[in-house]
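Take a look at the structure set out below.
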Amino acid sequence: MKIWKKIWYVFNQILQFMIVILLLSASWTGATYMTRAIYQKVGTPSWDYVVQLIDVIVGVAIFFLVMILIGLFYRNKQLAILTSIIEAMRKISKGDFSVKLENTPSKFGEYEEYKKIINSVNEMARELSRMETMRQDFISNVSHEIQSPLTSISGFASALRSSELSETQKTHYLDIIEGESRRLSQLSDNLLKLSSLEVDNISFTMNRFRLDGQIRSVILASEPQWMNKGVQVDLELGSVEVEGSEDLLVQVWSNLLHNSIKFTPNEGTITMTLQKNGQFAEVTVADTGIGISQSDQLYIFERFYKADKSRNRNEGGSGLGLSIVKKIVDIHHGTITVSSKSGEGTVFTVRIPL
């Protein structure tokens, strides 16, 4: 593609040079015909030098006149392009990101510099529009996630005012209020984590540590959750050291494990493996849970996205866990992929540079 651009640039320069030569020739020819017509009426000067000098002066005057007229024509076109660019920028500054400048290809590429500006303005408008959509979706999702537990808390708190409630009912309502309060707290904590992770200039403490030891600690810390469901956790952990942030990576394994526990039925199985794969440490978290559909797999790392909305809500999820996992893996210049089918379990694979 670059070679063709260079060829077109050279061809364009040659073409412009030929046009100038043609204009000069036409101007000289026109000057000759004009002076000959004048000489027939007033007489030809006796000195040939004077005749040639007059022809040159008239030819040059015609050439510059034609160039001025061409310049005025293109100047108007340039002003029209600049005016459209300025108008588009004015609309963007007022929050209208739907603007789109027409980038009509010029025949001889004389407006190549304007094409780049037009493309940049259009790209900026598209990105700002995308960011505005994300911002509105984020506000909508946060409002929805906060409103639901607040409604429950308010409703059950009002119900507790009734003197006809038994102690069992009161305890049940208080448990619900406590659970919804924890959910709000978790949502706030996850939002703060995600916000801090998205700050580009933030620095994290990186050190070398045993990744297999960290994963074992996460498994042990989560023992009450998987034991209560009768889930069997199998480990196949090789001895692997990585350089990274221990505080951040522990959240990756914790979030992935808790997701697997949440969506794996009683008496199911979760398998975590760790091995070296080239210059990467490869961790897989596989479960025999409900699985994720192909369509949902495209969006599961987006904020607030829930593949199984009803089940996730009952479990108190906010749809931020996998977004946090993805961001932490990106910070470590790693990758995370998912392989799953509905009803056949899920496998998450994380690769972190050694």
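Residues in the structure tokens are numbered from 1 in each chain, the chains being A, B, ... in the order shown, and ligands are numbered from 1 in the order shown.
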I'd like the contact shell of stretch 250-262 of chain A - 8 Å cut-off, only C-alpha atoms, skipping same-chain residues fewer than 6 positions apart - returned as a PyMOL selection string. chain A and resi 214-215+218-219+222+225-226+231+270+285-287+289+315+321-322+324-325+328-329+348
With N, CA, C and O atoms retained, write the just-selected residues as a CSV table (one decimal), in the first residue's frame.
chain,number,residue,atom,x,y,z
A,214,GLN,N,0.2,-18.9,45.9
A,214,GLN,CA,-0.8,-17.9,46.0
A,214,GLN,C,-2.2,-18.6,45.7
A,214,GLN,O,-3.2,-18.3,46.4
A,215,ILE,N,-2.2,-19.4,44.7
A,215,ILE,CA,-3.5,-20.0,44.3
A,215,ILE,C,-3.9,-21.0,45.4
A,215,ILE,O,-5.1,-21.1,45.7
A,218,VAL,N,-5.7,-19.0,48.0
A,218,VAL,CA,-7.0,-18.6,47.6
A,218,VAL,C,-8.0,-19.8,47.8
A,218,VAL,O,-9.1,-19.6,48.2
A,219,ILE,N,-7.6,-21.0,47.4
A,219,ILE,CA,-8.4,-22.2,47.5
A,219,ILE,C,-8.8,-22.4,49.0
A,219,ILE,O,-10.0,-22.7,49.3
A,222,SER,N,-11.3,-19.9,50.4
A,222,SER,CA,-12.6,-20.1,49.9
A,222,SER,C,-13.3,-21.5,50.3
A,222,SER,O,-14.3,-21.8,49.8
A,225,GLN,N,-17.0,-21.8,51.2
A,225,GLN,CA,-18.0,-21.7,50.1
A,225,GLN,C,-18.1,-23.0,49.3
A,225,GLN,O,-19.3,-23.4,49.0
A,226,TRP,N,-17.0,-23.6,48.9
A,226,TRP,CA,-17.1,-24.8,48.1
A,226,TRP,C,-17.5,-26.0,48.9
A,226,TRP,O,-18.1,-27.0,48.4
A,231,VAL,N,-18.9,-29.1,46.6
A,231,VAL,CA,-18.1,-29.0,45.4
A,231,VAL,C,-16.7,-29.6,45.6
A,231,VAL,O,-16.0,-29.3,46.6
A,270,ILE,N,-14.6,-28.5,40.4
A,270,ILE,CA,-13.8,-27.3,39.9
A,270,ILE,C,-12.4,-27.8,39.8
A,270,ILE,O,-11.9,-28.3,40.8
A,285,VAL,N,-9.1,-22.3,35.0
A,285,VAL,CA,-10.2,-22.6,36.1
A,285,VAL,C,-11.3,-23.2,35.3
A,285,VAL,O,-12.0,-22.5,34.6
A,286,ALA,N,-11.5,-24.5,35.5
A,286,ALA,CA,-12.6,-25.2,34.8
A,286,ALA,C,-13.6,-25.7,35.8
A,286,ALA,O,-13.3,-26.2,36.9
A,287,ASP,N,-14.9,-25.6,35.4
A,287,ASP,CA,-16.0,-26.1,36.3
A,287,ASP,C,-17.0,-26.9,35.5
A,287,ASP,O,-17.0,-26.9,34.3
A,289,GLY,N,-20.2,-26.3,35.7
A,289,GLY,CA,-21.4,-25.5,36.0
A,289,GLY,C,-22.4,-25.4,34.9
A,289,GLY,O,-22.4,-26.2,33.9
A,315,GLU,N,-27.5,-14.4,43.7
A,315,GLU,CA,-26.2,-14.6,44.4
A,315,GLU,C,-25.6,-13.3,44.8
A,315,GLU,O,-24.5,-13.3,45.4
A,321,GLY,N,-17.1,-8.3,38.5
A,321,GLY,CA,-16.0,-9.2,38.8
A,321,GLY,C,-15.1,-9.5,37.7
A,321,GLY,O,-13.8,-9.4,37.8
A,322,LEU,N,-15.6,-9.9,36.5
A,322,LEU,CA,-14.8,-10.3,35.4
A,322,LEU,C,-14.2,-9.0,34.7
A,322,LEU,O,-13.1,-9.1,34.1
A,324,ILE,N,-13.0,-6.5,36.4
A,324,ILE,CA,-11.8,-6.3,37.3
A,324,ILE,C,-10.8,-7.3,36.9
A,324,ILE,O,-9.6,-6.9,36.8
A,325,VAL,N,-11.1,-8.6,36.7
A,325,VAL,CA,-10.2,-9.6,36.3
A,325,VAL,C,-9.5,-9.2,35.0
A,325,VAL,O,-8.2,-9.3,34.9
A,328,ILE,N,-7.0,-6.3,35.5
A,328,ILE,CA,-5.7,-6.7,36.2
A,328,ILE,C,-4.8,-7.5,35.2
A,328,ILE,O,-3.6,-7.3,35.2
A,329,VAL,N,-5.4,-8.4,34.5
A,329,VAL,CA,-4.6,-9.2,33.5
A,329,VAL,C,-4.0,-8.3,32.5
A,329,VAL,O,-2.9,-8.5,32.1
A,348,PHE,N,-11.9,-20.9,32.1
A,348,PHE,CA,-11.2,-19.6,31.9
A,348,PHE,C,-9.7,-19.9,31.9
A,348,PHE,O,-9.2,-20.7,32.7
So which residues touch stretch 337-346 of chain A within 10 Å, counting only C-alpha atoms, skipping near sequence neighbours fewer than 6 positions away, as JSON, numbers by chain? {"A": [260, 263, 264, 268, 269, 270, 284, 285, 286, 287, 288, 289, 290, 291, 292, 293, 294, 297, 298, 300, 301, 326]}
Can you write out the residues you just picked, keeping N, CA and C atoms, as a short mmCIF file (atom, residue, chain, number, x, y, z; two decimals), in the first residue's frame?
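Output contents, as saved in selection_1.cif:
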data_model
loop_
_atom_site.label_atom_id
_atom_site.label_comp_id
_atom_site.auth_asym_id
_atom_site.auth_seq_id
_atom_site.Cartn_x
_atom_site.Cartn_y
_atom_site.Cartn_z
N SER A 260 -16.91 -19.67 39.67
CA SER A 260 -17.10 -21.09 39.42
C SER A 260 -17.94 -21.73 40.52
N PHE A 263 -21.71 -20.73 40.11
CA PHE A 263 -22.47 -21.30 38.99
C PHE A 263 -22.28 -22.80 38.82
N THR A 264 -21.61 -23.44 39.78
CA THR A 264 -21.48 -24.90 39.75
C THR A 264 -22.50 -25.50 40.71
N GLY A 268 -20.70 -30.65 42.30
CA GLY A 268 -19.97 -30.45 41.06
C GLY A 268 -18.47 -30.48 41.28
N THR A 269 -17.73 -30.16 40.23
CA THR A 269 -16.26 -30.23 40.30
C THR A 269 -15.65 -28.96 39.71
N ILE A 270 -14.62 -28.45 40.38
CA ILE A 270 -13.83 -27.33 39.88
C ILE A 270 -12.37 -27.78 39.81
N THR A 284 -5.66 -22.27 34.41
CA THR A 284 -7.01 -22.57 33.93
C THR A 284 -7.91 -22.83 35.14
N VAL A 285 -9.12 -22.33 35.04
CA VAL A 285 -10.16 -22.59 36.06
C VAL A 285 -11.34 -23.20 35.32
N ALA A 286 -11.53 -24.51 35.50
CA ALA A 286 -12.58 -25.24 34.79
C ALA A 286 -13.62 -25.73 35.79
N ASP A 287 -14.90 -25.63 35.42
CA ASP A 287 -15.96 -26.11 36.30
C ASP A 287 -16.98 -26.91 35.52
N THR A 288 -17.85 -27.58 36.23
CA THR A 288 -18.93 -28.36 35.62
C THR A 288 -20.27 -27.65 35.84
N GLY A 289 -20.23 -26.33 35.73
CA GLY A 289 -21.40 -25.51 36.02
C GLY A 289 -22.36 -25.37 34.85
N ILE A 290 -23.15 -24.30 34.91
CA ILE A 290 -24.24 -24.10 33.94
C ILE A 290 -23.74 -23.63 32.58
N GLY A 291 -22.48 -23.20 32.50
CA GLY A 291 -21.91 -22.78 31.23
C GLY A 291 -22.35 -21.39 30.80
N ILE A 292 -21.77 -20.93 29.70
CA ILE A 292 -22.06 -19.59 29.16
C ILE A 292 -22.33 -19.74 27.67
N SER A 293 -23.39 -19.13 27.20
CA SER A 293 -23.73 -19.23 25.78
C SER A 293 -22.70 -18.49 24.92
N GLN A 294 -22.64 -18.85 23.64
CA GLN A 294 -21.69 -18.22 22.72
C GLN A 294 -21.93 -16.72 22.62
N GLN A 297 -20.57 -14.87 25.68
CA GLN A 297 -19.12 -14.88 25.82
C GLN A 297 -18.47 -13.64 25.22
N LEU A 298 -19.16 -12.98 24.29
CA LEU A 298 -18.61 -11.78 23.65
C LEU A 298 -18.59 -10.59 24.59
N ILE A 300 -18.90 -10.85 28.37
CA ILE A 300 -18.81 -11.13 29.80
C ILE A 300 -17.76 -10.29 30.51
N PHE A 301 -16.79 -9.72 29.77
CA PHE A 301 -15.78 -8.90 30.42
C PHE A 301 -16.16 -7.42 30.47
N LYS A 326 -10.27 -8.82 34.02
CA LYS A 326 -9.71 -8.45 32.71
C LYS A 326 -8.75 -7.29 32.83
#
Env of A:Leu184: 9 Å cut, atoms = only C-alpha atoms, seq-sep filter 2 positions within chain, self excluded. Answer as a PyMOL selection string. chain A and resi 145-146+149-150+179-182+186-189
Could you write out that same residue set with N, CA, C and O atoms as a tab-separated table (two decimals), in the first residue's frame?
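The file below, again.tsv, is the result:
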chain	number	residue	atom	x	y	z
A	145	GLU	N	-28.31	-0.97	39.71
A	145	GLU	CA	-27.75	-1.85	40.73
A	145	GLU	C	-27.94	-1.30	42.13
A	145	GLU	O	-28.12	-2.06	43.09
A	146	ILE	N	-27.91	0.02	42.28
A	146	ILE	CA	-28.10	0.63	43.60
A	146	ILE	C	-29.58	0.64	43.98
A	146	ILE	O	-29.94	0.42	45.14
A	149	PRO	N	-31.22	-2.98	45.63
A	149	PRO	CA	-31.08	-3.26	47.07
A	149	PRO	C	-31.69	-2.19	47.96
A	149	PRO	O	-32.20	-2.50	49.03
A	150	LEU	N	-31.64	-0.93	47.51
A	150	LEU	CA	-32.25	0.13	48.31
A	150	LEU	C	-33.77	-0.08	48.43
A	150	LEU	O	-34.35	0.15	49.49
A	179	GLY	N	-28.11	-8.70	54.01
A	179	GLY	CA	-27.55	-9.18	52.75
A	179	GLY	C	-27.53	-8.10	51.67
A	179	GLY	O	-26.54	-7.96	50.94
A	180	GLU	N	-28.61	-7.31	51.57
A	180	GLU	CA	-28.65	-6.23	50.58
A	180	GLU	C	-27.64	-5.12	50.92
A	180	GLU	O	-27.07	-4.50	50.02
A	181	SER	N	-27.42	-4.90	52.21
A	181	SER	CA	-26.42	-3.91	52.63
A	181	SER	C	-25.02	-4.36	52.23
A	181	SER	O	-24.20	-3.56	51.75
A	182	ARG	N	-24.75	-5.67	52.41
A	182	ARG	CA	-23.45	-6.20	51.98
A	182	ARG	C	-23.29	-6.07	50.47
A	182	ARG	O	-22.20	-5.79	49.97
A	186	GLN	N	-20.35	-4.22	48.58
A	186	GLN	CA	-19.52	-4.90	47.58
A	186	GLN	C	-19.51	-4.14	46.26
A	186	GLN	O	-18.48	-4.02	45.59
A	187	LEU	N	-20.69	-3.61	45.87
A	187	LEU	CA	-20.77	-2.83	44.64
A	187	LEU	C	-19.89	-1.60	44.72
A	187	LEU	O	-19.14	-1.29	43.79
A	188	SER	N	-19.96	-0.90	45.84
A	188	SER	CA	-19.12	0.29	46.03
A	188	SER	C	-17.64	-0.05	45.99
A	188	SER	O	-16.84	0.63	45.35
A	189	ASP	N	-17.28	-1.16	46.65
A	189	ASP	CA	-15.88	-1.59	46.68
A	189	ASP	C	-15.39	-1.93	45.28
A	189	ASP	O	-14.28	-1.54	44.88
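Note that atom CA of A:Val242 and atom CA of A:Phe280 are 8.7 Å apart.
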May I have all residues of stretch 85-296 of chain A that DSSP, computed from the backbone, assigns to strand (DSSP E), given as number ranges by chain? A: 207-210, 232-237, 241-244, 269-277, 280-287
Could you jot down the atom CA of A:Val350 to atom CA of A:Asp234 separation for me, Å, one decimal place? 17.4 Å
